[in-house]
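File shown: my_file26.txt. Contents: compact mmCIF, C-alpha atoms and all ligand atoms.
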# COMPACT_ATOMS: atom_id res chain seq x y z
CA MET A 1 -27.02 17.48 22.49
CA HIS A 2 -25.92 14.02 23.70
CA ALA A 3 -23.78 11.76 21.54
CA ALA A 4 -26.84 9.66 20.61
CA GLY A 5 -28.65 12.75 19.30
CA LEU A 6 -25.67 13.75 17.15
CA ILE A 7 -25.37 10.24 15.74
CA GLU A 8 -29.09 10.30 14.86
CA LYS A 9 -28.65 13.70 13.20
CA LYS A 10 -25.93 12.29 10.95
CA ARG A 11 -27.92 9.11 10.33
CA ASP A 12 -30.82 11.24 9.09
CA GLY A 13 -28.59 13.17 6.70
CA GLY A 14 -28.02 16.27 8.84
CA LYS A 15 -24.87 18.35 8.86
CA LEU A 16 -22.78 18.32 12.04
CA SER A 17 -21.20 21.57 13.20
CA PRO A 18 -17.47 21.76 14.04
CA GLU A 19 -18.39 21.99 17.75
CA GLU A 20 -20.57 18.88 17.53
CA ILE A 21 -17.85 16.92 15.73
CA ASP A 22 -15.26 18.04 18.25
CA ALA A 23 -17.46 17.05 21.19
CA LEU A 24 -17.81 13.53 19.75
CA ILE A 25 -14.11 13.09 18.96
CA GLN A 26 -12.72 14.51 22.21
CA GLY A 27 -15.36 12.52 24.14
CA PHE A 28 -14.21 9.38 22.32
CA VAL A 29 -10.55 9.99 23.15
CA HIS A 30 -11.36 10.70 26.82
CA GLY A 31 -13.76 7.79 27.21
CA THR A 32 -17.03 9.69 27.68
CA VAL A 33 -18.28 8.76 24.20
CA LEU A 34 -18.13 4.99 23.89
CA ASP A 35 -16.63 2.78 21.20
CA TYR A 36 -19.99 1.48 20.00
CA GLN A 37 -21.34 5.02 19.67
CA ILE A 38 -18.39 6.04 17.51
CA ALA A 39 -18.77 2.84 15.47
CA ALA A 40 -22.41 3.81 14.84
CA LEU A 41 -21.34 7.34 13.92
CA ALA A 42 -18.72 5.96 11.51
CA MET A 43 -21.40 3.82 9.84
CA ALA A 44 -23.72 6.83 9.55
CA ILE A 45 -20.84 8.71 7.92
CA VAL A 46 -20.15 5.86 5.49
CA CYS A 47 -23.83 5.91 4.46
CA ARG A 48 -24.45 9.69 4.47
CA GLY A 49 -20.99 11.09 3.77
CA LEU A 50 -19.32 14.19 5.16
CA ASP A 51 -19.21 17.45 3.26
CA ILE A 52 -15.99 19.48 3.02
CA ASP A 53 -16.78 21.58 6.14
CA GLU A 54 -17.45 18.48 8.21
CA THR A 55 -14.36 16.71 6.84
CA ALA A 56 -12.17 19.70 7.70
CA ALA A 57 -13.71 19.90 11.19
CA LEU A 58 -13.15 16.18 11.77
CA THR A 59 -9.53 16.45 10.60
CA GLN A 60 -8.92 19.44 12.89
CA SER A 61 -10.51 17.73 15.88
CA MET A 62 -8.48 14.54 15.35
CA LEU A 63 -5.29 16.60 15.06
CA LYS A 64 -6.17 18.34 18.34
CA SER A 65 -6.41 14.98 20.14
CA GLY A 66 -2.61 14.78 20.46
CA GLY A 67 0.65 16.65 20.11
CA VAL A 68 2.51 17.72 16.98
CA LEU A 69 6.16 17.39 15.98
CA PRO A 70 7.86 20.61 17.01
CA ARG A 71 9.49 22.76 14.34
CA LEU A 72 13.27 22.81 14.56
CA THR A 73 15.15 26.07 14.69
CA ASP A 74 17.26 25.29 11.58
CA GLY A 75 14.70 26.96 9.34
CA ALA A 76 14.58 24.11 6.79
CA LEU A 77 11.28 23.87 4.96
CA ARG A 78 9.39 20.71 5.86
CA VAL A 79 7.68 18.51 3.30
CA ASP A 80 6.26 15.02 3.05
CA LYS A 81 4.36 12.72 0.75
CA HIS A 82 1.68 10.16 1.48
CA SER A 83 0.63 7.28 -0.73
CA THR A 84 -2.62 5.38 -0.38
CA GLY A 85 -0.57 2.21 -0.86
CA GLY A 86 0.07 -0.49 -3.38
CA VAL A 87 2.25 -3.43 -4.33
CA GLY A 88 5.95 -2.69 -4.88
CA ASP A 89 5.51 0.96 -3.87
CA LYS A 90 8.92 1.90 -2.51
CA VAL A 91 8.69 5.59 -3.47
CA SER A 92 9.02 6.79 0.15
CA LEU A 93 12.39 5.05 0.50
CA VAL A 94 13.71 7.07 -2.45
CA LEU A 95 11.79 10.32 -2.13
CA ALA A 96 12.52 11.13 1.54
CA PRO A 97 16.34 11.11 1.13
CA LEU A 98 16.04 12.69 -2.32
CA LEU A 99 14.16 15.69 -0.89
CA ALA A 100 16.62 15.85 2.01
CA ALA A 101 19.39 16.09 -0.59
CA CYS A 102 17.58 19.20 -1.89
CA ASP A 103 17.91 20.70 1.64
CA LEU A 104 14.30 20.09 2.63
CA ALA A 105 13.42 18.41 5.94
CA VAL A 106 11.27 15.28 5.66
CA PRO A 107 9.74 14.00 8.92
CA MET A 108 7.93 11.02 7.41
CA ILE A 109 5.59 9.24 9.82
CA SER A 110 4.76 6.03 8.04
CA GLY A 111 2.75 2.85 8.45
CA ARG A 112 2.91 -0.92 8.23
CA GLY A 113 1.51 -3.19 5.55
CA LEU A 114 -2.27 -3.09 5.25
CA GLY A 115 -4.02 -6.03 3.56
CA THR A 116 -2.17 -6.75 0.33
CA SER A 117 -0.31 -3.41 0.28
CA GLY A 118 3.25 -3.37 1.59
CA GLY A 119 4.26 -1.03 4.41
CA THR A 120 7.24 1.33 4.38
CA LEU A 121 8.12 0.49 7.99
CA ASP A 122 8.14 -3.25 7.27
CA LYS A 123 10.44 -2.68 4.29
CA LEU A 124 12.88 -0.59 6.31
CA GLU A 125 12.87 -3.10 9.15
CA SER A 126 14.37 -5.63 6.76
CA ILE A 127 17.59 -3.65 7.35
CA PRO A 128 18.97 -5.30 10.50
CA GLY A 129 18.92 -2.90 13.46
CA PHE A 130 16.75 -0.25 11.75
CA ARG A 131 14.47 1.31 14.38
CA THR A 132 10.98 2.58 13.50
CA ASP A 133 9.85 3.38 17.06
CA LEU A 134 11.65 6.68 17.56
CA SER A 135 10.61 9.15 20.25
CA ALA A 136 9.87 12.78 19.34
CA ASP A 137 13.40 13.74 20.49
CA GLU A 138 14.96 11.00 18.38
CA ILE A 139 12.91 12.09 15.36
CA ALA A 140 14.30 15.61 15.78
CA SER A 141 17.84 14.30 16.15
CA VAL A 142 17.70 12.09 13.00
CA LEU A 143 16.11 14.96 11.09
CA CYS A 144 19.01 17.23 12.08
CA ARG A 145 21.62 14.67 11.08
CA ALA A 146 20.18 13.24 7.85
CA GLY A 147 17.50 15.74 6.79
CA CYS A 148 14.95 12.92 6.69
CA VAL A 149 13.50 10.35 9.05
CA ILE A 150 11.02 7.53 8.43
CA THR A 151 9.41 6.13 11.55
CA GLY A 152 6.11 5.02 13.10
CA ALA A 153 3.76 7.38 14.92
CA THR A 154 4.65 8.20 18.52
CA ALA A 155 1.93 7.44 21.11
CA ASP A 156 1.20 11.15 21.40
CA LEU A 157 0.55 11.75 17.68
CA VAL A 158 -3.18 11.78 16.72
CA PRO A 159 -4.42 9.21 19.27
CA ALA A 160 -7.96 9.78 17.93
CA ASP A 161 -6.93 8.25 14.60
CA ARG A 162 -5.36 5.19 16.22
CA LYS A 163 -8.55 4.51 18.19
CA LEU A 164 -10.92 5.36 15.36
CA TYR A 165 -9.02 3.37 12.72
CA ALA A 166 -9.01 0.26 14.96
CA LEU A 167 -12.82 0.52 15.23
CA ARG A 168 -13.32 1.21 11.53
CA ASP A 169 -11.17 -1.76 10.63
CA VAL A 170 -13.54 -4.19 12.39
CA THR A 171 -16.87 -2.49 11.62
CA GLY A 172 -16.75 -2.22 7.84
CA THR A 173 -16.33 1.55 8.00
CA VAL A 174 -12.96 2.11 6.32
CA PRO A 175 -14.28 3.13 2.87
CA SER A 176 -15.48 6.69 3.42
CA ILE A 177 -13.81 9.63 1.71
CA GLY A 178 -14.43 11.90 4.70
CA LEU A 179 -13.05 9.42 7.23
CA ILE A 180 -10.03 8.52 5.10
CA THR A 181 -9.23 12.18 4.45
CA ALA A 182 -9.40 13.06 8.15
CA SER A 183 -7.32 10.02 9.07
CA ILE A 184 -4.54 10.75 6.58
CA LEU A 185 -4.44 14.53 6.85
CA SER A 186 -4.61 14.70 10.66
CA LYS A 187 -1.42 12.59 10.78
CA LYS A 188 0.33 14.70 8.15
CA LEU A 189 -0.75 17.97 9.82
CA ALA A 190 0.83 16.67 13.05
CA GLU A 191 4.20 16.66 11.26
CA SER A 192 4.07 20.50 11.10
CA LEU A 193 4.72 20.60 7.35
CA ASP A 194 5.09 23.42 4.82
CA ALA A 195 3.80 21.31 1.95
CA LEU A 196 2.38 17.86 1.26
CA VAL A 197 2.07 15.79 -1.88
CA LEU A 198 -0.34 12.88 -2.13
CA ASP A 199 -0.06 9.85 -4.36
CA VAL A 200 -3.60 8.52 -4.62
CA LYS A 201 -3.53 5.16 -6.33
CA TRP A 202 -6.19 3.39 -8.29
CA GLY A 203 -6.28 0.03 -10.08
CA SER A 204 -6.06 -3.69 -9.47
CA GLY A 205 -3.54 -3.37 -6.63
CA ALA A 206 -4.93 -0.25 -4.99
CA PHE A 207 -7.31 0.16 -2.13
CA MET A 208 -9.53 2.08 -4.63
CA ARG A 209 -10.02 0.06 -7.78
CA ARG A 210 -11.82 2.74 -9.80
CA ARG A 211 -10.08 5.88 -11.02
CA GLU A 212 -13.18 8.01 -10.29
CA ASP A 213 -13.14 7.00 -6.62
CA ALA A 214 -9.44 7.77 -6.30
CA ALA A 215 -10.02 11.12 -8.02
CA ALA A 216 -12.81 12.00 -5.56
CA LEU A 217 -10.55 11.17 -2.61
CA ALA A 218 -7.65 13.11 -4.14
CA ARG A 219 -9.83 16.19 -4.73
CA THR A 220 -11.18 16.13 -1.18
CA MET A 221 -7.71 15.83 0.37
CA ALA A 222 -6.33 18.55 -1.90
CA GLU A 223 -9.15 20.84 -0.75
CA VAL A 224 -9.10 20.07 2.98
CA GLY A 225 -5.28 20.30 3.39
CA PRO A 226 -5.05 24.00 2.35
CA ARG A 227 -8.15 24.87 4.41
CA LEU A 228 -6.20 23.77 7.45
CA GLY A 229 -3.11 25.68 6.40
CA LEU A 230 -1.24 22.89 4.62
CA PRO A 231 -0.53 23.41 0.89
CA THR A 232 -1.46 20.03 -0.60
CA HIS A 233 -1.10 18.70 -4.13
CA ALA A 234 -2.50 15.33 -5.19
CA ILE A 235 -1.66 13.12 -8.12
CA LEU A 236 -3.48 10.00 -9.27
CA SER A 237 -1.26 7.06 -10.14
CA GLN A 238 -1.99 3.69 -11.69
CA MET A 239 -1.52 0.55 -9.64
CA ASN A 240 -2.53 -1.95 -12.32
CA GLN A 241 0.82 -3.71 -11.94
CA PRO A 242 3.48 -3.64 -9.22
CA LEU A 243 5.58 -0.47 -9.18
CA GLY A 244 9.10 -1.29 -10.30
CA ARG A 245 10.33 -4.82 -10.89
CA VAL A 246 10.17 -6.30 -7.40
CA ALA A 247 7.78 -6.45 -4.47
CA GLY A 248 8.46 -7.68 -0.94
CA ASN A 249 10.62 -6.14 1.75
CA ALA A 250 14.44 -6.49 1.50
CA VAL A 251 14.11 -6.80 -2.30
CA GLU A 252 12.33 -3.45 -2.38
CA VAL A 253 15.03 -1.81 -0.29
CA ARG A 254 17.58 -3.06 -2.84
CA GLU A 255 15.55 -1.67 -5.72
CA ALA A 256 15.15 1.67 -3.91
CA ILE A 257 18.94 1.78 -3.53
CA GLU A 258 19.33 1.25 -7.30
CA ALA A 259 17.03 4.26 -7.81
CA LEU A 260 18.94 6.29 -5.20
CA ARG A 261 22.09 5.61 -7.22
CA GLY A 262 20.49 7.00 -10.36
CA GLY A 263 19.36 3.65 -11.84
CA GLY A 264 16.43 1.38 -11.07
CA PRO A 265 13.18 0.89 -12.96
CA ALA A 266 11.89 3.78 -15.06
CA ASP A 267 8.41 3.88 -13.48
CA LEU A 268 9.83 4.17 -9.97
CA ARG A 269 12.14 7.02 -10.94
CA GLU A 270 9.36 8.77 -12.86
CA LEU A 271 6.94 8.70 -9.92
CA CYS A 272 9.65 10.03 -7.56
CA LEU A 273 10.39 12.90 -9.97
CA ALA A 274 6.69 13.69 -10.47
CA LEU A 275 5.94 13.81 -6.74
CA GLY A 276 9.19 15.49 -5.72
CA SER A 277 9.00 18.19 -8.38
CA ARG A 278 5.54 19.22 -7.20
CA LEU A 279 6.87 19.66 -3.66
CA LEU A 280 9.90 21.68 -4.80
CA VAL A 281 7.62 24.04 -6.71
CA GLN A 282 5.09 24.28 -3.85
CA VAL A 283 7.75 25.45 -1.40
CA ARG A 284 9.38 27.66 -4.08
CA ARG A 285 12.65 25.76 -4.04
CA ALA A 286 12.30 25.56 -7.84
CA PRO A 287 10.74 28.07 -10.26
CA SER A 288 9.12 25.43 -12.48
CA LEU A 289 8.36 21.73 -12.63
CA ASP A 290 11.03 21.26 -15.32
CA GLU A 291 13.70 22.94 -13.17
CA ALA A 292 12.61 20.87 -10.20
CA ARG A 293 12.90 17.62 -12.17
CA ARG A 294 16.38 18.62 -13.29
CA GLU A 295 17.47 19.30 -9.73
CA LEU A 296 16.01 16.03 -8.47
CA SER A 297 17.61 14.05 -11.30
CA THR A 298 21.00 15.58 -10.48
CA ARG A 299 20.68 14.64 -6.81
CA LEU A 300 19.89 11.06 -7.78
CA ASP A 301 22.61 10.70 -10.42
CA SER A 302 25.30 12.35 -8.28
CA GLY A 303 24.79 9.97 -5.34
CA GLN A 304 23.71 12.80 -2.99
CA ALA A 305 20.30 11.21 -2.38
CA MET A 306 21.97 7.87 -1.59
CA GLU A 307 24.27 9.63 0.90
CA ARG A 308 21.21 10.97 2.74
CA PHE A 309 19.67 7.49 2.76
CA GLU A 310 22.84 6.04 4.27
CA GLN A 311 22.90 8.80 6.90
CA MET A 312 19.26 8.16 7.79
CA VAL A 313 19.74 4.38 8.03
CA ALA A 314 22.82 4.80 10.23
CA ALA A 315 21.06 7.38 12.44
CA GLN A 316 18.15 4.97 12.92
CA GLY A 317 20.47 2.11 13.89
CA GLY A 318 20.36 0.12 10.63
CA ASP A 319 23.20 -1.87 9.07
CA LEU A 320 22.74 -1.74 5.29
CA ALA A 321 25.60 -4.19 4.69
CA ALA A 322 23.56 -6.83 6.53
CA LEU A 323 20.44 -6.48 4.33
CA PRO A 324 19.24 -10.06 3.71
CA ALA A 325 19.45 -11.54 0.22
CA ALA A 326 16.29 -12.59 -1.64
CA ALA A 327 15.25 -16.13 -0.72
CA PRO A 328 15.77 -18.52 -3.66
CA ALA A 329 12.41 -20.19 -4.30
CA PRO A 330 11.89 -23.94 -4.03
CA GLN A 331 11.45 -25.82 -7.34
CA GLY A 332 8.78 -24.11 -9.49
CA GLY A 333 9.40 -20.56 -8.35
CA GLU A 334 9.02 -19.21 -11.89
CA ILE A 335 5.52 -18.76 -13.23
CA CYS A 336 5.45 -19.26 -17.03
CA SER A 337 2.97 -18.19 -19.66
CA GLY A 338 0.55 -20.86 -20.83
CA ARG A 339 0.19 -19.23 -24.26
CA THR A 340 1.55 -16.73 -26.75
CA GLY A 341 0.03 -13.24 -26.71
CA PHE A 342 0.21 -9.98 -24.79
CA VAL A 343 0.20 -9.26 -21.06
CA ALA A 344 -3.30 -7.80 -20.96
CA ALA A 345 -4.09 -7.52 -17.24
CA ILE A 346 -2.45 -8.18 -13.89
CA ASP A 347 -4.37 -8.88 -10.70
CA THR A 348 -1.95 -6.88 -8.59
CA ALA A 349 -3.84 -7.47 -5.34
CA ALA A 350 -3.47 -11.24 -5.92
CA LEU A 351 0.29 -10.73 -6.22
CA GLY A 352 0.21 -8.77 -2.95
CA ALA A 353 -1.76 -11.64 -1.39
CA ALA A 354 0.85 -14.10 -2.68
CA ILE A 355 3.57 -12.12 -0.89
CA VAL A 356 1.51 -12.15 2.31
CA GLN A 357 1.19 -15.98 1.99
CA LEU A 358 4.97 -16.26 1.70
CA GLY A 359 5.36 -14.33 4.96
CA GLY A 360 6.22 -10.97 3.37
CA GLY A 361 3.10 -9.37 4.89
CA ARG A 362 0.76 -10.07 7.78
CA LEU A 363 -2.43 -12.13 7.95
CA GLN A 364 -2.74 -11.08 11.62
CA VAL A 365 -1.23 -8.07 13.37
CA THR A 366 1.01 -10.33 15.45
CA ASP A 367 2.54 -12.18 12.43
CA ARG A 368 6.30 -11.83 11.96
CA ILE A 369 7.49 -10.69 8.54
CA ASP A 370 10.06 -12.70 6.60
CA PRO A 371 12.14 -9.89 5.00
CA SER A 372 13.68 -11.99 2.24
CA VAL A 373 10.56 -13.25 0.41
CA GLY A 374 8.73 -11.48 -2.41
CA LEU A 375 8.57 -11.56 -6.17
CA GLU A 376 10.15 -10.17 -9.31
CA MET A 377 8.07 -9.25 -12.35
CA LEU A 378 9.70 -10.48 -15.54
CA VAL A 379 7.10 -8.82 -17.79
CA ARG A 380 5.05 -5.64 -17.77
CA LEU A 381 1.55 -4.81 -19.01
CA GLY A 382 1.50 -4.75 -22.81
CA ASP A 383 4.58 -6.96 -23.30
CA ALA A 384 4.42 -9.61 -26.03
CA VAL A 385 5.11 -13.08 -24.61
CA VAL A 386 5.46 -16.59 -26.02
CA ALA A 387 4.14 -19.82 -24.53
CA GLY A 388 6.49 -21.10 -21.83
CA GLN A 389 8.12 -17.71 -21.21
CA PRO A 390 8.69 -16.89 -17.50
CA LEU A 391 6.34 -14.13 -16.33
CA LEU A 392 7.40 -13.75 -12.72
CA ARG A 393 9.74 -15.25 -10.16
CA LEU A 394 8.89 -15.88 -6.52
CA PHE A 395 11.44 -15.40 -3.75
CA ALA A 396 10.17 -17.92 -1.23
CA ARG A 397 10.69 -20.59 1.37
CA GLU A 398 8.40 -23.59 1.92
CA ARG A 399 5.98 -21.46 4.02
CA GLY A 400 2.93 -20.55 1.94
CA PHE A 401 4.72 -21.42 -1.30
CA ALA A 402 2.00 -23.62 -2.84
CA GLU A 403 -0.72 -21.05 -2.15
CA ALA A 404 1.45 -18.15 -3.33
CA ARG A 405 2.20 -20.04 -6.54
CA ARG A 406 -1.50 -20.65 -7.08
CA LEU A 407 -2.32 -16.96 -6.56
CA ALA A 408 0.53 -15.73 -8.77
CA SER A 409 -0.27 -18.23 -11.55
CA GLY A 410 -3.79 -16.88 -11.88
CA ALA A 411 -2.79 -13.22 -11.65
CA ILE A 412 -1.45 -12.53 -15.13
CA VAL A 413 -3.87 -12.55 -18.05
CA ILE A 414 -2.49 -13.14 -21.56
CA SER A 415 -4.70 -12.11 -24.52
CA ASP A 416 -4.44 -11.92 -28.30
CA ALA A 417 -4.47 -8.11 -28.41
CA PRO A 418 -2.32 -5.65 -26.48
CA PRO A 419 -4.25 -3.69 -23.80
CA HIS A 420 -4.73 0.05 -23.63
CA ILE A 421 -2.32 1.35 -20.97
CA GLY A 422 -3.03 4.84 -19.66
CA PRO A 423 -0.47 7.17 -18.08
CA LEU A 424 1.45 6.10 -14.96
CA TRP A 425 0.25 9.23 -13.15
CA GLU A 426 -1.72 12.42 -13.75
CA ASP A 427 -2.38 15.57 -11.76
CA CYS A 428 -5.63 15.28 -9.85
CA ARG A 429 -6.97 18.58 -11.25
CA ASP A 430 -7.14 16.80 -14.62
CA GLY A 431 -10.20 15.03 -13.48
N1 LIG B 501 -4.89 4.97 5.50
C1 LIG B 501 -5.04 5.73 6.61
O1 LIG B 501 -4.08 6.20 7.21
N2 LIG B 501 -6.31 5.96 7.02
C2 LIG B 501 -7.40 5.48 6.40
O2 LIG B 501 -8.50 5.75 6.83
C3 LIG B 501 -7.22 4.68 5.25
C4 LIG B 501 -5.94 4.45 4.81
Serialized structure, structure tokens:
Amino acid sequence: MHAAGLIEKKRDGGKLSPEEIDALIQGFVHGTVLDYQIAALAMAIVCRGLDIDETAALTQSMLKSGGVLPRLTDGALRVDKHSTGGVGDKVSLVLAPLLAACDLAVPMISGRGLGTSGGTLDKLESIPGFRTDLSADEIASVLCRAGCVITGATADLVPADRKLYALRDVTGTVPSIGLITASILSKKLAESLDALVLDVKWGSGAFMRRREDAAALARTMAEVGPRLGLPTHAILSQMNQPLGRVAGNAVEVREAIEALRGGGPADLRELCLALGSRLLVQVRRAPSLDEARRELSTRLDSGQAMERFEQMVAAQGGDLAALPAAAPAPQGGEICSGRTGFVAAIDTAALGAAIVQLGGGRLQVTDRIDPSVGLEMLVRLGDAVVAGQPLLRLFARERGFAEARRLASGAIVISDAPPHIGPLWEDCRDG
């Protein structure tokens, strides 16, 4: 059947076979199925959905469109984590070297900021000299030296996703569980992993606002990964306020370093332990989650995780001593509470948008990031505050300051009663 016939079949609610999906995807990559046909297919998928068989077939076909990272001969088990993104989420910066300190190999292919969510690569690039464009050989070499590497995708890795994501981005076809699952898992499968853990976020700063939607995505990914031979565990985590105290780029690297030295904010450490312990148990490096948490805690508190981070940064060309300081804001950089009460809600996406305005994220792909801007939360959800108390501090220059201040000022809601605050994270099987 021609591409048009397959698109019509999906549009009418039919189920595509693995062969049909593969014909469309490989045709797209090789130019025989055209961009507008794939855009129409993506829209049909957004409207009709993909079932688990179709999602697995799409993931497999996208993976097949390029090469994979070769396994090294050192025998180290390979693991990784993926987060659906949020504000202040610097878990990757801590977790990759932490797992390397437990003698696991972590070939983390990461991304840039998307909308109001920060990007791991942008954060790392605030370290002068740090390279995120490593070749496959360089990835292998850093992995051998440090046990972990965090870099962008090579041109050869899942080209189908690069092409498809660019189309989805401009055709309103990003929000589809099947398409998101195939996009994320095809890239992780290309890392040739032994186990994967997923941090699927929901809340005011997440790409999925509703917990039920995040849970549906988490369940799908946790089912498709193992079908394609990759043990996958998903957790759901709240993004109703920035993770940790600070959000931005260089400021997040500093906070990650605090965590790598055994300190840092409690929520950041907790999420690293929750995700890391699930990986250690999955690859049988620990007999139980409790044992795994103990091992991870030791590697943080002893400085071993920090050592791995330093090795990785050096191997990727970065000079940690030259990390820029946070920019001191112009007059009015502190946002104060207008009233006495409790911090009842935080529009976390608005805080992410404020950082973008300051130059800490991109409005257009070509925008240059200012590594030293960002913000520091001075309160957390549920805190009691008095009128006039500072709620957050901006790290800023003149660029975008007025708009960022306006966004941040409206982002924190103070009410008479304290809010209900659910758990920071939960295992996805819980619902
Ligand atoms: N992140 C990805 O890598 N792919 C998607 O489709 C959505 C978020």
**OP:** Could you tell me, counting all atoms listed in the file, which protein and nucleic acid residues lie no more than 9 Å from ligand LIG 501 (chain B), written as an MDAnalysis selection string?
**Re:** chainID A and resid 83:85 110:111 114 161 164:165 168:169 173:185 187 207
Show me a table, sorted first by chain and then by increasing residue number, of the residues of segment 10-119 of chain A having an atom at most 9 Å from segment 268-291 of chain A, each with its shortest atom pair and the distance in Å to one decimal, counting only C-alpha atoms and written as a tab-separated table.
residue	atom	partner	partner_atom	distance
A:Leu77	CA	A:Val283	CA	7.4
A:Arg78	CA	A:Val283	CA	8.8
A:Val79	CA	A:Leu279	CA	7.1
A:Asp80	CA	A:Leu279	CA	8.2
A:Lys81	CA	A:Leu275	CA	7.7
A:Asp89	CA	A:Leu268	CA	8.1
A:Lys90	CA	A:Leu268	CA	7.9
A:Val91	CA	A:Cys272	CA	6.1
A:Ser92	CA	A:Cys272	CA	8.4
A:Val94	CA	A:Cys272	CA	7.2
A:Leu95	CA	A:Cys272	CA	5.8
A:Leu98	CA	A:Gly276	CA	8.1
A:Leu99	CA	A:Gly276	CA	6.9
A:Cys102	CA	A:Arg285	CA	8.5
A:Leu104	CA	A:Leu280	CA	8.8
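Coordinates place atom CA of Gly205 of chain A at a distance of 28.4 Å from atom CA of Ala190 of chain A.
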**OP:** Tell me, as a PyMOL selection string, which residues lie within 8 Å of Asn249 of chain A, counting all atoms listed in the file; anything in the same chain fewer than 5 positions away does not count.
**Re:** chain A and resi 118+122-124+126+360+371-374
**OP:** May I ask which of the residues A:Cys47, A:Gly203, A:Cys144, A:Ile235 is the closest one to Gly172 of chain A, counting only C-alpha atoms?
**Re:**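 Closest candidate: A:Cys47.
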Original post:
A:Arg145, A:Arg405, A:Arg429, A:Lys64: which is nearest Gln311 of chain A, counting all atoms listed in the file?
Top reply: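 Closest residue, counting all atoms listed in the file: A:Arg145.
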Original post:
Interatomic distance between atom CA of Glu191 of chain A and atom CA of Arg261 of chain A?
Top reply: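 Here the two named atoms are 28.0 Å from each other.
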**OP:** Choose the residue, out of A:His82, A:Val379, A:Arg299, A:Ala216, that has the smallest atom-to-atom separation from Ala195 of chain A; count all atoms listed in the file.
**Re:**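 Using all atoms listed in the file, the shortest distance to Ala195 of chain A belongs to A:His82.
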Original post:
Which one is closest to Thr59 of chain A: A:His2, A:Arg380, A:Lys188, A:Arg339? Count all atoms listed in the file.
Top reply: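 Of the candidates, the smallest distance to Thr59 of chain A is held by A:Lys188.
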Subject >> Pairwise distance for atom CA of Gln364 of chain A and atom CA of Arg131 of chain A, rounded to one decimal in Å >> reply: 21.4 Å
Original post:
A:Val68, A:Ala206, A:Gly152, A:Glu376: which is nearest Leu193 of chain A, counting all atoms listed in the file?
Top reply: A:Val68
Within 9 Å of segment 18-37 of chain A: each segment 104-196 of chain A residue with its shortest pair, only C-alpha atoms, as JSON lines:
{"residue": "A:Pro159", "atom": "CA", "partner": "A:Val29", "partner_atom": "CA", "distance": 7.3}
{"residue": "A:Ala160", "atom": "CA", "partner": "A:Val29", "partner_atom": "CA", "distance": 5.8}
{"residue": "A:Lys163", "atom": "CA", "partner": "A:Val29", "partner_atom": "CA", "distance": 7.7}
{"residue": "A:Leu164", "atom": "CA", "partner": "A:Asp35", "partner_atom": "CA", "distance": 8.6}
{"residue": "A:Leu167", "atom": "CA", "partner": "A:Asp35", "partner_atom": "CA", "distance": 7.4}
**OP:** Find the residues near Leu320 of chain A: any atom within 12 Å, counting all atoms listed in the file, skip ones fewer than 2 places away on the same chain, and give them as a PyMOL selection string.
**Re:** chain A and resi 124-130+250+253-254+257+306+309-318+322-325
**OP:** Mind checking which residues fall within 12 Å of Ser141 of chain A, counting all atoms listed in the file, ignoring those fewer than 4 positions away in the same chain, and posting them as JSON, numbers by chain?
**Re:** {"A": [70, 72, 74, 105, 107, 134, 135, 136, 137, 145, 146, 147, 148, 149, 311, 312, 315, 316]}
Generate a file of the selected residues that holds C-alpha atoms, formatted as a JSON list (two decimals), keeping the file's coordinate frame.
[["chain", "number", "residue", "atom", "x", "y", "z"],
["A", 70, "PRO", "CA", 7.86, 20.61, 17.01],
["A", 72, "LEU", "CA", 13.27, 22.81, 14.56],
["A", 74, "ASP", "CA", 17.26, 25.29, 11.58],
["A", 105, "ALA", "CA", 13.42, 18.41, 5.94],
["A", 107, "PRO", "CA", 9.74, 14.00, 8.92],
["A", 134, "LEU", "CA", 11.65, 6.68, 17.56],
["A", 135, "SER", "CA", 10.61, 9.15, 20.25],
["A", 136, "ALA", "CA", 9.87, 12.78, 19.34],
["A", 137, "ASP", "CA", 13.40, 13.74, 20.49],
["A", 145, "ARG", "CA", 21.62, 14.67, 11.08],
["A", 146, "ALA", "CA", 20.18, 13.24, 7.85],
["A", 147, "GLY", "CA", 17.50, 15.74, 6.79],
["A", 148, "CYS", "CA", 14.95, 12.92, 6.69],
["A", 149, "VAL", "CA", 13.50, 10.35, 9.05],
["A", 311, "GLN", "CA", 22.90, 8.80, 6.90],
["A", 312, "MET", "CA", 19.26, 8.16, 7.79],
["A", 315, "ALA", "CA", 21.06, 7.38, 12.44],
["A", 316, "GLN", "CA", 18.15, 4.97, 12.92]]
